[in-house]
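With mmCIF, C-alpha atoms inside, this is target32.cif:
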data_work
loop_
_atom_site.label_atom_id
_atom_site.label_comp_id
_atom_site.auth_asym_id
_atom_site.auth_seq_id
_atom_site.Cartn_x
_atom_site.Cartn_y
_atom_site.Cartn_z
CA MET L 21 3.21 15.69 -6.14
CA ALA L 22 0.64 14.38 -8.55
CA LEU L 23 -0.96 11.19 -9.76
CA LYS L 24 -1.02 10.39 -13.46
CA ILE L 25 -3.18 7.51 -14.58
CA ALA L 26 -4.55 6.16 -17.84
CA GLU L 27 -8.23 6.90 -18.22
CA SER L 28 -8.95 3.19 -18.60
CA ASP L 29 -7.42 2.49 -15.18
CA TRP L 30 -9.23 5.44 -13.65
CA GLN L 31 -12.54 4.07 -14.96
CA LYS L 32 -11.60 0.61 -13.74
CA LEU L 33 -11.10 1.63 -10.13
CA ARG L 34 -14.29 3.70 -10.16
CA HIS L 35 -16.26 0.83 -11.66
CA HIS L 36 -14.88 -1.49 -8.98
CA GLY L 37 -16.54 0.73 -6.38
CA GLU L 38 -19.85 0.44 -8.21
CA GLU L 39 -19.53 -3.34 -8.40
CA THR L 40 -18.95 -3.77 -4.67
CA TYR L 41 -21.46 -1.16 -3.52
CA PRO L 42 -22.71 -0.87 -0.78
CA HIS L 43 -19.41 -2.28 0.39
CA GLU L 44 -16.01 -0.65 0.10
CA CYS L 45 -13.80 -1.87 -2.73
CA CYS L 46 -10.01 -1.80 -2.60
CA GLY L 47 -7.04 -2.40 -4.83
CA VAL L 48 -3.45 -1.70 -5.69
CA LEU L 49 -1.94 0.80 -8.11
CA LEU L 50 1.21 -0.31 -9.92
CA GLY L 51 3.55 1.95 -11.81
CA GLU L 52 6.60 4.07 -11.20
CA ILE L 53 7.52 7.10 -9.17
CA GLY L 54 9.22 9.94 -11.00
CA GLU L 55 12.10 12.00 -9.71
CA ASP L 56 9.69 14.78 -8.72
CA ASP L 57 7.62 12.20 -6.78
CA THR L 58 4.90 12.14 -9.45
CA ARG L 59 3.28 8.71 -9.38
CA PHE L 60 2.58 7.20 -12.79
CA VAL L 61 0.01 4.42 -12.71
CA HIS L 62 0.38 1.74 -15.36
CA ALA L 63 -1.91 -0.93 -13.90
CA THR L 64 -4.83 -1.16 -11.48
CA ILE L 65 -5.22 -4.41 -9.55
CA PRO L 66 -8.56 -5.03 -7.80
CA CYS L 67 -8.23 -6.86 -4.48
CA ARG L 68 -10.52 -8.62 -2.07
CA ASN L 69 -11.73 -6.63 0.92
CA THR L 70 -11.05 -8.98 3.82
CA ARG L 71 -13.11 -6.92 6.28
CA SER L 72 -16.13 -9.19 5.92
CA ASP L 73 -17.17 -8.04 9.41
CA SER L 74 -17.67 -4.43 8.33
CA PRO L 75 -17.22 -4.04 4.56
CA GLN L 76 -19.59 -1.11 4.32
CA ASN L 77 -17.15 1.21 6.07
CA ARG L 78 -13.82 -0.64 6.32
CA TYR L 79 -11.36 -2.23 3.94
CA HIS L 80 -8.26 -4.35 4.37
CA ILE L 81 -6.03 -6.01 1.78
CA ASP L 82 -4.50 -9.35 2.70
CA PRO L 83 -0.73 -8.76 2.81
CA GLY L 84 -0.28 -12.19 1.25
CA GLU L 85 -2.19 -10.98 -1.77
CA LEU L 86 0.06 -7.95 -1.87
CA VAL L 87 3.14 -10.19 -1.84
CA ARG L 88 1.87 -11.96 -4.95
CA ILE L 89 0.97 -8.69 -6.64
CA GLN L 90 4.38 -7.28 -5.84
CA ARG L 91 6.08 -10.35 -7.33
CA GLU L 92 4.12 -9.92 -10.55
CA ALA L 93 4.87 -6.21 -10.57
CA ARG L 94 8.62 -6.72 -10.15
CA GLY L 95 8.54 -9.15 -13.07
CA ARG L 96 7.00 -6.40 -15.18
CA GLY L 97 9.38 -3.72 -13.97
CA LEU L 98 6.64 -2.00 -11.97
CA ASP L 99 6.36 -0.92 -8.36
CA ILE L 100 3.54 -0.37 -5.89
CA VAL L 101 2.78 3.35 -6.12
CA GLY L 102 -0.54 3.49 -4.31
CA PHE L 103 -3.85 2.02 -3.33
CA TYR L 104 -7.49 2.78 -3.98
CA HIS L 105 -10.74 2.19 -2.17
CA SER L 106 -14.29 3.48 -2.21
CA HIS L 107 -16.52 5.28 0.25
CA PRO L 108 -20.15 4.15 -0.22
CA ASP L 109 -22.45 7.16 0.19
CA CYS L 110 -19.65 9.14 1.76
CA ALA L 111 -17.32 11.88 0.55
CA ALA L 112 -14.17 11.12 -1.42
CA ARG L 113 -12.09 12.51 1.43
CA TRP L 114 -9.80 10.63 3.77
CA SER L 115 -11.20 9.77 7.18
CA GLN L 116 -9.41 9.50 10.50
CA THR L 117 -9.62 5.74 10.01
CA ASP L 118 -7.95 6.05 6.62
CA LEU L 119 -5.09 8.05 8.14
CA ALA L 120 -4.64 5.86 11.19
CA ASP L 121 -4.39 2.72 9.05
CA ALA L 122 -2.23 4.22 6.28
CA HIS L 123 1.43 3.15 6.43
CA TRP L 124 2.70 3.42 2.85
CA THR L 125 4.26 6.85 2.98
CA GLY L 126 5.37 8.11 -0.40
CA CYS L 127 2.38 6.44 -2.06
CA SER L 128 -0.98 7.70 -3.29
CA TYR L 129 -4.28 6.82 -1.69
CA VAL L 130 -7.17 7.20 -4.15
CA ILE L 131 -10.72 7.38 -2.84
CA THR L 132 -13.94 7.26 -4.87
CA SER L 133 -17.26 8.34 -3.48
CA VAL L 134 -19.96 5.93 -4.67
CA GLU L 135 -23.38 7.50 -4.24
CA LYS L 136 -26.33 5.14 -4.45
CA GLY L 137 -24.31 2.76 -6.56
CA ARG L 138 -22.84 5.33 -8.96
CA ALA L 139 -19.22 6.50 -8.84
CA ALA L 140 -19.08 10.21 -8.17
CA GLN L 141 -15.95 12.09 -7.10
CA THR L 142 -12.53 10.44 -7.19
CA SER L 143 -9.77 12.15 -5.23
CA SER L 144 -6.15 11.32 -4.53
CA PHE L 145 -4.04 11.98 -1.48
CA ALA L 146 -0.31 11.55 -1.02
CA LEU L 147 0.76 10.07 2.32
CA ILE L 148 3.59 12.26 3.54
CA GLY L 149 6.09 12.11 6.39
CA GLU L 150 7.12 9.46 8.84
CA GLU L 151 4.77 7.15 10.72
CA ALA L 152 4.68 9.33 13.84
CA SER L 153 3.89 12.52 11.90
CA LYS L 154 2.22 11.23 8.77
CA ARG L 155 -0.42 13.25 6.99
CA PHE L 156 -2.37 13.24 3.76
CA GLU L 157 -1.93 15.98 1.20
CA ASP L 158 -4.31 16.58 -1.67
CA GLU L 159 -2.78 15.82 -5.04
CA PRO L 160 -4.17 16.40 -8.53
CA ILE L 161 -5.14 13.48 -10.73
CA THR L 162 -4.23 13.78 -14.40
CA LEU L 163 -5.81 11.41 -16.89
CA GLU L 164 -3.79 10.41 -19.91
CA ASN L 165 -5.81 9.13 -22.86
CA SER L 166 -4.61 6.85 -25.61
CA LEU L 167 -3.42 9.83 -27.67
CA SER L 168 -1.09 10.80 -24.85
CA GLN L 169 -3.04 13.97 -24.17
CA GLU L 170 -3.30 14.97 -20.57
CA ILE L 171 -6.74 15.81 -19.18
CA SER L 172 -6.81 17.33 -15.72
CA VAL L 173 -9.56 16.16 -13.42
CA MET S 22 18.58 -14.46 0.28
CA LYS S 23 16.74 -11.36 -0.76
CA VAL S 24 14.79 -8.95 1.43
CA LEU S 25 12.23 -6.83 -0.42
CA ILE S 26 11.97 -3.28 0.90
CA PRO S 27 8.55 -1.57 0.53
CA THR S 28 8.29 1.93 -0.89
CA PRO S 29 7.86 3.74 2.47
CA LEU S 30 11.03 2.21 3.94
CA ARG S 31 13.41 2.60 1.01
CA GLN S 32 14.50 6.06 2.10
CA TYR S 33 16.01 4.37 5.19
CA ALA S 34 17.70 1.62 3.18
CA GLY S 35 19.76 3.52 0.67
CA LYS S 36 16.73 3.86 -1.62
CA LYS S 37 17.01 0.19 -2.51
CA SER S 38 13.98 -1.93 -3.39
CA SER S 39 15.75 -5.12 -2.35
CA ILE S 40 18.83 -6.07 -0.38
CA ASP S 41 20.71 -9.37 -0.39
CA VAL S 42 21.41 -10.67 3.10
CA ALA S 43 23.31 -13.69 4.35
CA ALA S 44 21.38 -15.06 7.34
CA GLY S 45 20.15 -18.31 8.81
CA THR S 46 16.71 -17.18 9.96
CA VAL S 47 14.14 -14.52 9.10
CA GLY S 48 14.86 -12.73 12.37
CA GLU S 49 18.60 -12.67 11.68
CA ALA S 50 17.97 -11.25 8.23
CA LEU S 51 15.84 -8.42 9.59
CA GLN S 52 18.32 -7.66 12.37
CA LEU S 53 21.19 -7.56 9.89
CA LEU S 54 19.16 -5.25 7.72
CA ALA S 55 18.44 -2.94 10.64
CA THR S 56 22.06 -2.98 11.79
CA GLU S 57 23.38 -2.09 8.36
CA ASN S 58 20.65 0.54 7.92
CA PRO S 59 20.26 2.14 11.37
CA ASP S 60 17.52 4.55 10.30
CA LEU S 61 15.41 1.55 9.36
CA ARG S 62 15.39 0.00 12.83
CA ARG S 63 12.79 2.25 14.45
CA HIS S 64 10.47 1.74 11.50
CA LEU S 65 10.70 -2.04 11.79
CA TYR S 66 10.86 -2.45 15.55
CA THR S 67 9.30 -0.90 18.63
CA ASP S 68 11.44 0.31 21.52
CA ASP S 69 10.84 -3.09 23.11
CA GLY S 70 12.38 -4.84 20.12
CA ASP S 71 9.15 -6.26 18.74
CA LEU S 72 8.16 -5.87 15.13
CA GLN S 73 5.88 -2.86 14.62
CA ALA S 74 2.24 -3.99 14.72
CA TYR S 75 1.58 -2.70 11.21
CA ILE S 76 4.57 -4.51 9.69
CA ASN S 77 3.87 -7.92 8.14
CA VAL S 78 6.78 -10.18 7.24
CA TYR S 79 6.48 -12.93 4.67
CA LEU S 80 8.92 -15.72 3.94
CA ASN S 81 8.16 -16.39 0.30
CA ASP S 82 4.35 -16.72 0.39
CA ASP S 83 4.04 -17.48 4.10
CA ASP S 84 3.25 -15.04 6.90
CA ILE S 85 5.95 -15.74 9.50
CA ARG S 86 3.40 -15.41 12.32
CA TYR S 87 1.98 -18.74 11.18
CA LEU S 88 5.28 -20.47 10.55
CA GLU S 89 6.89 -22.80 13.00
CA GLY S 90 9.47 -20.74 14.79
CA LYS S 91 8.04 -17.46 13.48
CA GLU S 92 11.02 -15.08 13.26
CA ASN S 93 13.28 -18.06 13.92
CA ALA S 94 12.09 -19.78 10.76
CA THR S 95 15.14 -20.91 8.81
CA VAL S 96 15.83 -19.52 5.38
CA LYS S 97 17.62 -20.71 2.25
CA GLU S 98 19.70 -18.66 -0.14
CA SER S 99 16.93 -18.82 -2.70
CA ASP S 100 14.27 -17.49 -0.32
CA THR S 101 12.68 -14.06 -0.38
CA VAL S 102 11.60 -12.14 2.70
CA SER S 103 9.00 -9.43 2.06
CA ILE S 104 8.35 -6.55 4.44
CA VAL S 105 4.72 -5.50 3.92
CA PRO S 106 3.16 -2.62 5.85
CA SER S 107 -0.56 -3.10 6.39
CA ILE S 108 -3.06 -1.71 3.90
CA ALA S 109 -6.39 -0.80 5.47
CA GLY S 110 -8.78 2.03 6.18
CA GLY S 111 -12.31 3.04 5.38
CA ARG S 112 -14.81 5.80 5.80
CA GLY S 113 -15.11 5.02 9.45
CA SER S 114 -17.99 4.50 11.83
CA SER S 115 -19.19 8.07 12.13
CA ALA S 116 -21.26 9.77 9.49
CA PHE S 117 -19.20 12.84 10.22
CA ASP S 118 -15.81 11.08 10.17
CA PHE S 119 -14.63 13.32 7.36
CA SER S 120 -11.31 15.03 6.97
#

Please express the file's structure as structure tokens.
Amino acid sequence: MALKIAESDWQKLRHHGEETYPHECCGVLLGEIGEDDTRFVHATIPCRNTRSDSPQNRYHIDPGELVRIQREARGRGLDIVGFYHSHPDCAARWSQTDLADAHWTGCSYVITSVEKGRAAQTSSFALIGEEASKRFEDEPITLENSLSQEISV
Amino acid sequence: MKVLIPTPLRQYAGKKSSIDVAAGTVGEALQLLATENPDLRRHLYTDDGDLQAYINVYLNDDDIRYLEGKENATVKESDTVSIVPSIAGGRGSSAFDFS
């Protein structure tokens, strides 16, 4: 399992975390899933964090917004392959809250640590298994620049 | 009408991203879907027959929880029902809530 993403999209999701700091940002990753379960990201869609009650340590994407994003994605031949969010002043590792509230098995969950307003580490985790036994597994992120060269992060 | 299947549930629905269903209500459509794809049922419904708490169902752009009739909301052939698992999380409340 791996996540491949254009550098421009990778920068975009990291920058989103800087923009919303000290609150968590969130968004959707659109692309396609390869036969070996590699997730190829072709577009990054920033979303609104609806957890206005606790945005500094919680995020939630309105499912209605996701319905609209999915409609646009289907029109472009893309699929939802993952989600991203930020951890303000906290490690780019999944928390127990992240796991408990994760339900899109087969997708990637990308987390960026934003330290004092600056994006630091970005990590990706594949959500594996069924709901009752789900778990996150580390997966490598590979950046693909405009010259189609792969840069491992 | 069309029912859109989210990524995590496609493995229980013949790997399809959408399935056409002939039904009169949203509830009927979901039940038909679960009957024709038995492995999907436990992922949509609890043992008590209620929709799983983390499953959102939209009729076109409307959350069925806010529609008159909810799961009994009537549907047309041109409608789309979307199954949308919740997307949420966060670093948590504890400074040491790390994996």

For this session: Tell me which residues the PyMOL selection byres ((chain S) within 8 of (chain L)) grabs here, as a list in words.
Result: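 Here the PyMOL selection byres ((chain S) within 8 of (chain L)) matches Thr28, Pro29, His64, Tyr75, Asn77, Tyr79, Asp82, Asp83, Asp84, Ser103, Val105, Pro106, Ser107, Ile108, Ala109, Gly110, Gly111, Arg112, Gly113, Ser114, Ala116, Asp118, Phe119 and Ser120 of chain S.
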
Exercise. So which residues get picked by the PyMOL selection byres ((chain L and resi 36) around 10) here, written as a list in words?
Worked result: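 Against this file, the PyMOL selection byres ((chain L and resi 36) around 10) returns the residues Gln31, Lys32, Leu33, Arg34, His35, Gly37, Glu38, Glu39, Thr40, Tyr41, Glu44, Cys45, Cys46, Gly47, Pro66, Cys67, Tyr104, His105, Ser106, Thr132, Val134 and Ala139 of chain L.
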
The selected residues should be written to file as an mmCIF file, in the frame of the given file (atoms: C-alpha atoms).
data_model
loop_
_atom_site.group_PDB
_atom_site.id
_atom_site.type_symbol
_atom_site.label_atom_id
_atom_site.label_comp_id
_atom_site.auth_asym_id
_atom_site.auth_seq_id
_atom_site.Cartn_x
_atom_site.Cartn_y
_atom_site.Cartn_z
ATOM 1 C CA GLN L 31 -12.540 4.070 -14.960
ATOM 2 C CA LYS L 32 -11.600 0.610 -13.740
ATOM 3 C CA LEU L 33 -11.100 1.630 -10.130
ATOM 4 C CA ARG L 34 -14.290 3.700 -10.160
ATOM 5 C CA HIS L 35 -16.260 0.830 -11.660
ATOM 6 C CA GLY L 37 -16.540 0.730 -6.380
ATOM 7 C CA GLU L 38 -19.850 0.440 -8.210
ATOM 8 C CA GLU L 39 -19.530 -3.340 -8.400
ATOM 9 C CA THR L 40 -18.950 -3.770 -4.670
ATOM 10 C CA TYR L 41 -21.460 -1.160 -3.520
ATOM 11 C CA GLU L 44 -16.010 -0.650 0.100
ATOM 12 C CA CYS L 45 -13.800 -1.870 -2.730
ATOM 13 C CA CYS L 46 -10.010 -1.800 -2.600
ATOM 14 C CA GLY L 47 -7.040 -2.400 -4.830
ATOM 15 C CA PRO L 66 -8.560 -5.030 -7.800
ATOM 16 C CA CYS L 67 -8.230 -6.860 -4.480
ATOM 17 C CA TYR L 104 -7.490 2.780 -3.980
ATOM 18 C CA HIS L 105 -10.740 2.190 -2.170
ATOM 19 C CA SER L 106 -14.290 3.480 -2.210
ATOM 20 C CA THR L 132 -13.940 7.260 -4.870
ATOM 21 C CA VAL L 134 -19.960 5.930 -4.670
ATOM 22 C CA ALA L 139 -19.220 6.500 -8.840
#

Problem set entry | Å distance separating CA of His43 in chain L from CA of Ser128 in chain L, one decimal place |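 Separating CA of His43 in chain L from CA of Ser128 in chain L is a distance of 21.3 Å.
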
For this session: Go ahead and compute the interatomic distance for CA of Ile65 in chain L and CA of Gly51 in chain L, in Å to one decimal.
Result: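 Spanning CA of Ile65 in chain L to CA of Gly51 in chain L is a straight-line distance of 11.1 Å.
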
Skipping near chain neighbours, those fewer than 6 positions away, what residues fall within 7 Å of Asn93 in chain S using all atoms listed in the file, listed as a JSON list (two decimals) with C-alpha atoms, in the frame of the given file?
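What landed in out.json:
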[["chain", "number", "residue", "atom", "x", "y", "z"],
["S", 46, "THR", "CA", 16.71, -17.18, 9.96],
["S", 47, "VAL", "CA", 14.14, -14.52, 9.10],
["S", 48, "GLY", "CA", 14.86, -12.73, 12.37]]

Exercise. Restricting the calculation to all atoms listed in the file, which member of L:Leu98, L:Ala26, L:Val130, L:Ala146 is positioned closest to Asp57 in chain L?
Worked result: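 Nearest to Asp57 in chain L: L:Ala146.
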
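For the pair CA of Asp100 in chain S and CA of Ala50 in chain S, the interatomic distance is 11.2 Å.
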
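Distances to Arg31 in chain S were evaluated for S:Ile104, S:Ala74, S:Leu80, S:Ala94 using only C-alpha atoms, and the minimum falls at S:Ile104.
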
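Using only C-alpha atoms, the shortest contact distance between Asn81 in chain S and any of S:Ala44, S:Leu65, S:Val102, S:Leu25 is found at S:Val102.
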
Problem set entry | the PyMOL selection byres ((chain S and resi 22) around 9) applied to the shown file, residues as a VMD selection string | chain S and resid 23 to 24 40 to 44 50 96 to 102

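Proximity to Trp30 in chain L was assessed for L:Arg96, L:Ala63, L:Lys154, L:Tyr129 counting only C-alpha atoms; the smallest distance is recorded for L:Ala63.
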
Box in all listed atoms of range 97-107 of chain S, axis-aligned, with 6 Å more on each side; write out centre and edge lengths in Å to one decimal as JSON.
{"center_x": 9.6, "center_y": -11.7, "center_z": 1.8, "size_x": 32.3, "size_y": 30.1, "size_z": 21.1}
